[in-house]
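Asks: The following block contains the structure, expressed as structure tokens.
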Amino acid sequence: MEKEGKGKNRKTRLILEIIGGFLILSLLLSSSGSVSESEYSELENKYNNIVEELDTTAKDLESASTKLDDATADLSELQADYDACKEENEALQTEIETLKSEEEARIQAEKEDEAQKEAAVAAKSSTSQQNSDSSGGGSVWKSATGSKYHDKPNCGNMNPDNATQITLEQAKSLGLEACKKCY
Ligand SMILES: [Zn+2]
């Protein structure tokens, strides 16, 4: 674009120079050779002024074109910066989304883990409940001094006020025998 502009300027200048040349030539011809030296130099001065002005204009145009090119370059640089920022922003956005969903997954997993633990605790306690139930089935009654164990504290062969509950195993290890009335 810059090269093209300069070429155009040069072409325009050349055309104007030619026109200026013709102008002087035609003026010289129209005055049919009776042009004085002062008149001729005046015309030459005018022509030179025009050429100079044209040159200045061409230079101005060239510098304006350069400025425009610089501005265009700056703009495309800014555009590139903007694009880079935008891309970075999008990448960060994606990263945030990923972290967010990871965090959500982690919380979800934690919740599930907790629920599992609770379920395990509940299962354990229900198992131990069953265990105590079954061991309860093996419990018997013994009196303070008697040598027998009884199925119930008030079987009649024992004072219920002094009766204590023990397990069947304990009763056997104490050497107690089953009460004939109860069993
Ligand atoms: Zn008994």
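We name chains A, B, ... following the order of the structure tokens; residues begin at 1 in each chain, and ligands are numbered from 1 as shown.
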At a cut-off of 10 Å around ligand 1, and using only C-alpha atoms and all ligand atoms, what residues come up? Please write them as JSON, numbers by chain.
Replies: {"A": [140, 141, 142, 143, 148, 149, 150, 151, 152, 153, 154, 155, 156, 157, 158, 178, 179, 180, 181, 182, 183]}
Asks: Taking 3 positions as the minimum chain separation for residues in the same chain, which residues sit within 8 Å of Ala58 of chain A when counting only C-alpha atoms? Answer as a VMD selection string.
Replies: chain A and resid 9 13 54 to 55 61 to 62
Asks: Name the residues of chain A that come out as strand (DSSP E) in a backbone DSSP run; write them as a PyMOL selection string.
Replies: chain A and resi 139-142+148-150+164-167+177-178
Asks: Could you check how far atom CA of Glu87 of chain A sits from atom CA of Glu104 of chain A, in Å to one decimal?
Replies: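 Distance between the two atoms: 25.5 Å.
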Asks: With DSSP run on the backbone, what are the helix (DSSP H, G or I) residues within segment 23-180 of chain A? I'd like them as an MDAnalysis selection string.
Replies: chainID A and resid 23:30 37:137 160:162 168:173
Asks: Rounded to one decimal, what separation in Å do you get between atom CA of Tyr47 of chain A and atom CA of Leu23 of chain A?
Replies: 9.0 Å
Asks: Kindly give the distance, in Å, that separates atom CA of Ser36 of chain A and atom CA of Glu53 of chain A, rounded to a single decimal.
Replies: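 Separating atom CA of Ser36 of chain A from atom CA of Glu53 of chain A is a distance of 25.7 Å.
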